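Read the structure below first, then the notes.
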Amino acid sequence: MGADLAALCGRAVAHDDDLVRNIRSIRISQDLYDDLAQSPQDRRIAVTAEARLRIPSPQPAVTRPFDHGTVITWSFESAHWQESRYGDARHHGVWYGSLDVRTTVFETVYHWHRFLMDSFAGVDQEVIGERRVLDVRCNAMLVDLRGCEGQAPQLVSRTSYAFTQALGRYLVEQQQNGLLATSARCRGVNAAIFSAARLSNVRDRMYLTYRYQPASKRVKVERTPGRTWFSIAPADLY
């Protein structure tokens, strides 16, 4: 398979632009000490003590946990490796982003719906999920697989990651930074990044709310709470 992968991965492009990252989050931050402290003064003392225990970082917005750091570093820590399209959870971490927000929505709605269906025997009430969308700078030479799905339809397979996981491992072994490829869930473009060093400058972009409606079997996507931006039928993503 190595020769076939080498032939497929013959071109590279310079990417110096933002990628969009879409992660689980909440719109309104919670007070982690409200049930432990009896007064505002006690809460301030607790927050100050917690801050003093943090390990100083020369780049806190990139590397410090519970801040923007987890947006970049989480995917590359071996304890958090997960099986995915370009990662088998055993050999390397993969960070995923997209060229636009809508593509991240189609991708994450698919995975969120799978989680709901796998976690509950039956969903008969509306389920709400909240998301945080961020812009992350990527400065790297990336393998460009856009348009290669005609030659290798396995790149956009919705049921098997065997080929793409082998491809991801091959590219990591060749010390490639990552790749650009057509999404399997929509017409957008995704990026799979293999090196945290190629990512920086994390910035908040927006929050989203996903509402799964079992009656219509659709997910309503909201940028402003209570106002539908667009909706997706998860069945169309499988």
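Residues are referred to by chain and number: the chain letter is A, B, ... according to the order shown in the structure tokens, the number counts from 1 in that chain, and ligands are numbered separately from 1 in the order shown.
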Run DSSP on the backbone and tell me which residues of stretch 154-225 of chain A come out as strand (DSSP E); list them as a ChimeraX atom specification. /A:178-182,189-193,199-213,218-224
Those residues with N, CA and C atoms, as a CSV table (one decimal), in the first residue's frame please?
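Final output, saved to selection.csv:
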```csv
chain,number,residue,atom,x,y,z
A,178,GLY,N,0.4,17.6,7.7
A,178,GLY,CA,-1.0,17.4,7.6
A,178,GLY,C,-1.5,17.4,6.2
A,179,LEU,N,-2.9,17.5,6.1
A,179,LEU,CA,-3.5,17.4,4.7
A,179,LEU,C,-4.8,18.2,4.7
A,180,LEU,N,-5.2,18.4,3.4
A,180,LEU,CA,-6.5,19.0,3.1
A,180,LEU,C,-7.2,18.0,2.3
A,181,ALA,N,-8.5,17.8,2.6
A,181,ALA,CA,-9.3,16.8,1.9
A,181,ALA,C,-10.7,17.2,1.8
A,182,THR,N,-11.4,16.7,0.8
A,182,THR,CA,-12.9,16.9,0.7
A,182,THR,C,-13.6,16.2,1.9
A,189,VAL,N,-14.3,21.4,2.8
A,189,VAL,CA,-12.9,20.9,2.9
A,189,VAL,C,-12.5,20.9,4.3
A,190,ASN,N,-11.9,19.7,4.7
A,190,ASN,CA,-11.4,19.6,6.1
A,190,ASN,C,-9.9,19.5,6.0
A,191,ALA,N,-9.3,19.8,7.2
A,191,ALA,CA,-7.8,19.7,7.4
A,191,ALA,C,-7.6,18.7,8.5
A,192,ALA,N,-6.6,17.9,8.3
A,192,ALA,CA,-6.1,17.0,9.4
A,192,ALA,C,-4.7,17.3,9.6
A,193,ILE,N,-4.4,17.8,10.8
A,193,ILE,CA,-3.1,18.3,11.1
A,193,ILE,C,-2.4,17.3,12.1
A,199,LEU,N,0.2,25.1,14.5
A,199,LEU,CA,-1.0,25.8,14.8
A,199,LEU,C,-0.7,26.8,15.9
A,200,SER,N,-1.5,28.0,15.8
A,200,SER,CA,-1.3,29.0,16.7
A,200,SER,C,-2.4,30.0,16.7
A,201,ASN,N,-2.4,31.1,17.5
A,201,ASN,CA,-3.3,32.2,17.5
A,201,ASN,C,-4.7,31.8,17.5
A,202,VAL,N,-5.1,31.2,18.6
A,202,VAL,CA,-6.5,30.7,18.8
A,202,VAL,C,-7.4,31.9,19.1
A,203,ARG,N,-8.5,32.1,18.4
A,203,ARG,CA,-9.5,33.2,18.6
A,203,ARG,C,-10.9,32.7,18.6
A,204,ASP,N,-11.7,33.1,19.5
A,204,ASP,CA,-13.1,32.8,19.5
A,204,ASP,C,-13.8,33.4,18.3
A,205,ARG,N,-14.7,32.6,17.7
A,205,ARG,CA,-15.5,33.1,16.6
A,205,ARG,C,-17.0,33.2,16.9
A,206,MET,N,-17.6,32.2,17.4
A,206,MET,CA,-19.0,32.2,17.7
A,206,MET,C,-19.3,31.0,18.6
A,207,TYR,N,-20.5,31.0,19.1
A,207,TYR,CA,-21.1,29.8,19.8
A,207,TYR,C,-22.3,29.3,19.0
A,208,LEU,N,-22.5,28.0,19.0
A,208,LEU,CA,-23.7,27.4,18.3
A,208,LEU,C,-24.5,26.6,19.3
A,209,THR,N,-25.7,26.4,19.0
A,209,THR,CA,-26.6,25.5,19.7
A,209,THR,C,-27.2,24.5,18.7
A,210,TYR,N,-27.0,23.2,19.1
A,210,TYR,CA,-27.6,22.1,18.3
A,210,TYR,C,-28.9,21.6,19.0
A,211,ARG,N,-30.0,21.5,18.3
A,211,ARG,CA,-31.2,21.0,18.9
A,211,ARG,C,-31.7,19.8,18.0
A,212,TYR,N,-31.6,18.6,18.6
A,212,TYR,CA,-32.1,17.4,17.9
A,212,TYR,C,-33.6,17.2,18.2
A,213,GLN,N,-34.4,17.2,17.2
A,213,GLN,CA,-35.8,17.1,17.3
A,213,GLN,C,-36.3,15.7,16.8
A,218,ARG,N,-34.4,15.8,12.8
A,218,ARG,CA,-33.5,16.8,12.2
A,218,ARG,C,-32.8,17.5,13.4
A,219,VAL,N,-31.7,18.1,13.1
A,219,VAL,CA,-30.9,18.9,14.0
A,219,VAL,C,-31.0,20.4,13.6
A,220,LYS,N,-31.6,21.2,14.4
A,220,LYS,CA,-31.6,22.7,14.2
A,220,LYS,C,-30.4,23.3,14.7
A,221,VAL,N,-29.7,24.1,13.9
A,221,VAL,CA,-28.5,24.8,14.3
A,221,VAL,C,-28.8,26.3,14.5
A,222,GLU,N,-28.4,26.8,15.7
A,222,GLU,CA,-28.7,28.2,16.0
A,222,GLU,C,-27.4,28.9,16.3
A,223,ARG,N,-27.2,30.1,15.7
A,223,ARG,CA,-26.1,31.0,16.1
A,223,ARG,C,-26.6,31.9,17.2
A,224,THR,N,-27.8,32.4,17.0
A,224,THR,CA,-28.5,33.2,18.1
A,224,THR,C,-29.5,32.2,18.8
```
Check stretch 103-228 of chain A with DSSP on the backbone and list each residue it calls helix (DSSP H, G or I), as a PDB file with N, CA and C atoms, in the first residue's frame.
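Final file, result.pdb:
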```pdb
ATOM      1  N   THR A 103     -18.966  23.605   7.234  1.00  0.00           N
ATOM      2  CA  THR A 103     -18.403  22.255   7.133  1.00  0.00           C
ATOM      3  C   THR A 103     -18.189  21.661   8.512  1.00  0.00           C
ATOM      4  N   THR A 104     -17.710  22.464   9.465  1.00  0.00           N
ATOM      5  CA  THR A 104     -17.549  21.938  10.822  1.00  0.00           C
ATOM      6  C   THR A 104     -18.882  21.518  11.418  1.00  0.00           C
ATOM      7  N   VAL A 105     -19.958  22.209  11.051  1.00  0.00           N
ATOM      8  CA  VAL A 105     -21.282  21.857  11.577  1.00  0.00           C
ATOM      9  C   VAL A 105     -21.713  20.491  11.046  1.00  0.00           C
ATOM     10  N   PHE A 106     -21.595  20.272   9.753  1.00  0.00           N
ATOM     11  CA  PHE A 106     -21.976  18.976   9.196  1.00  0.00           C
ATOM     12  C   PHE A 106     -21.156  17.854   9.828  1.00  0.00           C
ATOM     13  N   GLU A 107     -19.863  18.072   9.987  1.00  0.00           N
ATOM     14  CA  GLU A 107     -19.006  17.044  10.583  1.00  0.00           C
ATOM     15  C   GLU A 107     -19.407  16.753  12.027  1.00  0.00           C
ATOM     16  N   THR A 108     -19.588  17.792  12.827  1.00  0.00           N
ATOM     17  CA  THR A 108     -19.866  17.577  14.251  1.00  0.00           C
ATOM     18  C   THR A 108     -21.291  17.125  14.511  1.00  0.00           C
ATOM     19  N   VAL A 109     -22.239  17.538  13.679  1.00  0.00           N
ATOM     20  CA  VAL A 109     -23.607  17.034  13.826  1.00  0.00           C
ATOM     21  C   VAL A 109     -23.615  15.524  13.613  1.00  0.00           C
ATOM     22  N   TYR A 110     -22.872  15.043  12.642  1.00  0.00           N
ATOM     23  CA  TYR A 110     -22.799  13.592  12.408  1.00  0.00           C
ATOM     24  C   TYR A 110     -22.303  12.871  13.667  1.00  0.00           C
ATOM     25  N   HIS A 111     -21.190  13.333  14.227  1.00  0.00           N
ATOM     26  CA  HIS A 111     -20.610  12.648  15.385  1.00  0.00           C
ATOM     27  C   HIS A 111     -21.489  12.810  16.624  1.00  0.00           C
ATOM     28  N   TRP A 112     -22.098  13.989  16.786  1.00  0.00           N
ATOM     29  CA  TRP A 112     -22.981  14.212  17.932  1.00  0.00           C
ATOM     30  C   TRP A 112     -24.208  13.323  17.838  1.00  0.00           C
ATOM     31  N   HIS A 113     -24.789  13.183  16.655  1.00  0.00           N
ATOM     32  CA  HIS A 113     -25.959  12.326  16.482  1.00  0.00           C
ATOM     33  C   HIS A 113     -25.602  10.869  16.742  1.00  0.00           C
ATOM     34  N   ARG A 114     -24.446  10.440  16.274  1.00  0.00           N
ATOM     35  CA  ARG A 114     -24.009   9.066  16.558  1.00  0.00           C
ATOM     36  C   ARG A 114     -23.894   8.836  18.055  1.00  0.00           C
ATOM     37  N   PHE A 115     -23.340   9.827  18.764  1.00  0.00           N
ATOM     38  CA  PHE A 115     -23.222   9.704  20.221  1.00  0.00           C
ATOM     39  C   PHE A 115     -24.601   9.563  20.864  1.00  0.00           C
ATOM     40  N   LEU A 116     -25.561  10.368  20.419  1.00  0.00           N
ATOM     41  CA  LEU A 116     -26.903  10.283  20.986  1.00  0.00           C
ATOM     42  C   LEU A 116     -27.521   8.918  20.732  1.00  0.00           C
ATOM     43  N   MET A 117     -27.406   8.424  19.508  1.00  0.00           N
ATOM     44  CA  MET A 117     -28.030   7.143  19.160  1.00  0.00           C
ATOM     45  C   MET A 117     -27.355   5.981  19.883  1.00  0.00           C
ATOM     46  N   ASP A 118     -26.039   6.094  20.110  1.00  0.00           N
ATOM     47  CA  ASP A 118     -25.313   5.022  20.795  1.00  0.00           C
ATOM     48  C   ASP A 118     -25.517   5.055  22.305  1.00  0.00           C
ATOM     49  N   SER A 119     -25.839   6.236  22.841  1.00  0.00           N
ATOM     50  CA  SER A 119     -25.902   6.400  24.294  1.00  0.00           C
ATOM     51  C   SER A 119     -27.281   6.159  24.877  1.00  0.00           C
ATOM     52  N   CYS A 148      -8.925  14.193  -5.207  1.00  0.00           N
ATOM     53  CA  CYS A 148      -8.352  12.850  -5.343  1.00  0.00           C
ATOM     54  C   CYS A 148      -9.370  11.748  -5.063  1.00  0.00           C
ATOM     55  N   GLU A 149     -10.573  12.130  -4.620  1.00  0.00           N
ATOM     56  CA  GLU A 149     -11.569  11.103  -4.288  1.00  0.00           C
ATOM     57  C   GLU A 149     -12.038  10.333  -5.511  1.00  0.00           C
ATOM     58  N   GLY A 150     -11.868  10.905  -6.715  1.00  0.00           N
ATOM     59  CA  GLY A 150     -12.187  10.144  -7.924  1.00  0.00           C
ATOM     60  C   GLY A 150     -11.237   8.988  -8.111  1.00  0.00           C
ATOM     61  N   PRO A 153     -11.807   6.688  -3.950  1.00  0.00           N
ATOM     62  CA  PRO A 153     -13.095   6.976  -3.296  1.00  0.00           C
ATOM     63  C   PRO A 153     -13.096   6.645  -1.807  1.00  0.00           C
ATOM     64  N   GLN A 154     -12.115   5.864  -1.361  1.00  0.00           N
ATOM     65  CA  GLN A 154     -12.040   5.546   0.069  1.00  0.00           C
ATOM     66  C   GLN A 154     -11.800   6.797   0.906  1.00  0.00           C
ATOM     67  N   LEU A 155     -11.292   7.860   0.287  1.00  0.00           N
ATOM     68  CA  LEU A 155     -11.048   9.100   1.013  1.00  0.00           C
ATOM     69  C   LEU A 155     -12.333   9.690   1.589  1.00  0.00           C
ATOM     70  N   VAL A 156     -13.441   9.467   0.927  1.00  0.00           N
ATOM     71  CA  VAL A 156     -14.712  10.032   1.388  1.00  0.00           C
ATOM     72  C   VAL A 156     -15.699   8.933   1.769  1.00  0.00           C
ATOM     73  N   ALA A 162     -10.416   2.514   7.195  1.00  0.00           N
ATOM     74  CA  ALA A 162      -9.205   1.691   7.087  1.00  0.00           C
ATOM     75  C   ALA A 162      -8.168   2.329   6.164  1.00  0.00           C
ATOM     76  N   PHE A 163      -8.594   2.751   4.979  1.00  0.00           N
ATOM     77  CA  PHE A 163      -7.663   3.333   4.012  1.00  0.00           C
ATOM     78  C   PHE A 163      -7.100   4.656   4.521  1.00  0.00           C
ATOM     79  N   THR A 164      -7.970   5.524   5.035  1.00  0.00           N
ATOM     80  CA  THR A 164      -7.510   6.842   5.462  1.00  0.00           C
ATOM     81  C   THR A 164      -6.656   6.773   6.727  1.00  0.00           C
ATOM     82  N   GLN A 165      -6.913   5.822   7.600  1.00  0.00           N
ATOM     83  CA  GLN A 165      -6.053   5.656   8.766  1.00  0.00           C
ATOM     84  C   GLN A 165      -4.656   5.209   8.348  1.00  0.00           C
ATOM     85  N   ALA A 166      -4.583   4.302   7.380  1.00  0.00           N
ATOM     86  CA  ALA A 166      -3.273   3.887   6.856  1.00  0.00           C
ATOM     87  C   ALA A 166      -2.576   5.070   6.196  1.00  0.00           C
ATOM     88  N   LEU A 167      -3.342   5.888   5.500  1.00  0.00           N
ATOM     89  CA  LEU A 167      -2.782   7.074   4.860  1.00  0.00           C
ATOM     90  C   LEU A 167      -2.251   8.048   5.907  1.00  0.00           C
ATOM     91  N   GLY A 168      -3.011   8.271   6.964  1.00  0.00           N
ATOM     92  CA  GLY A 168      -2.565   9.163   8.018  1.00  0.00           C
ATOM     93  C   GLY A 168      -1.273   8.688   8.654  1.00  0.00           C
ATOM     94  N   ARG A 169      -1.175   7.382   8.927  1.00  0.00           N
ATOM     95  CA  ARG A 169       0.049   6.854   9.533  1.00  0.00           C
ATOM     96  C   ARG A 169       1.228   7.001   8.573  1.00  0.00           C
ATOM     97  N   TYR A 170       1.003   6.757   7.284  1.00  0.00           N
ATOM     98  CA  TYR A 170       2.070   6.903   6.294  1.00  0.00           C
ATOM     99  C   TYR A 170       2.581   8.338   6.252  1.00  0.00           C
ATOM    100  N   LEU A 171       1.667   9.314   6.266  1.00  0.00           N
ATOM    101  CA  LEU A 171       2.072  10.714   6.202  1.00  0.00           C
ATOM    102  C   LEU A 171       2.840  11.130   7.454  1.00  0.00           C
ATOM    103  N   VAL A 172       2.426  10.633   8.624  1.00  0.00           N
ATOM    104  CA  VAL A 172       3.159  10.924   9.854  1.00  0.00           C
ATOM    105  C   VAL A 172       4.565  10.340   9.774  1.00  0.00           C
ATOM    106  N   GLU A 173       4.683   9.121   9.273  1.00  0.00           N
ATOM    107  CA  GLU A 173       5.999   8.501   9.124  1.00  0.00           C
ATOM    108  C   GLU A 173       6.882   9.281   8.160  1.00  0.00           C
ATOM    109  N   ALA A 196       1.310  19.910  16.278  1.00  0.00           N
ATOM    110  CA  ALA A 196       0.799  21.052  17.027  1.00  0.00           C
ATOM    111  C   ALA A 196       1.606  22.316  16.759  1.00  0.00           C
ATOM    112  N   ALA A 197       2.876  22.152  16.381  1.00  0.00           N
ATOM    113  CA  ALA A 197       3.740  23.303  16.153  1.00  0.00           C
ATOM    114  C   ALA A 197       3.290  24.148  14.970  1.00  0.00           C
ATOM    115  N   ARG A 198       2.453  23.591  14.103  1.00  0.00           N
ATOM    116  CA  ARG A 198       1.990  24.331  12.934  1.00  0.00           C
ATOM    117  C   ARG A 198       0.721  25.131  13.213  1.00  0.00           C
TER     118      ARG A 198
END
```
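Compared by their closest atoms to A:Ser157, and using only C-alpha atoms, the residues A:Arg227, A:Arg85, A:Arg90, A:Lys217 rank with A:Arg85 nearest.
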Using only C-alpha atoms, pick whichever of A:Ser231, A:Thr70, A:Asn177, A:Thr159 has the shortest atom-to-atom distance to A:Arg21.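 Between A:Ser231, A:Thr70, A:Asn177, A:Thr159, the residue approaching A:Arg21 most closely is A:Thr70.
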Find the distance between atom CA of A:Ala12 and atom CA of A:Glu77 and write it in Å to one decimal.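 The value is 26.2 Å.
Atom CA of A:Trp74 lies 15.9 Å from atom CA of A:Asp135.
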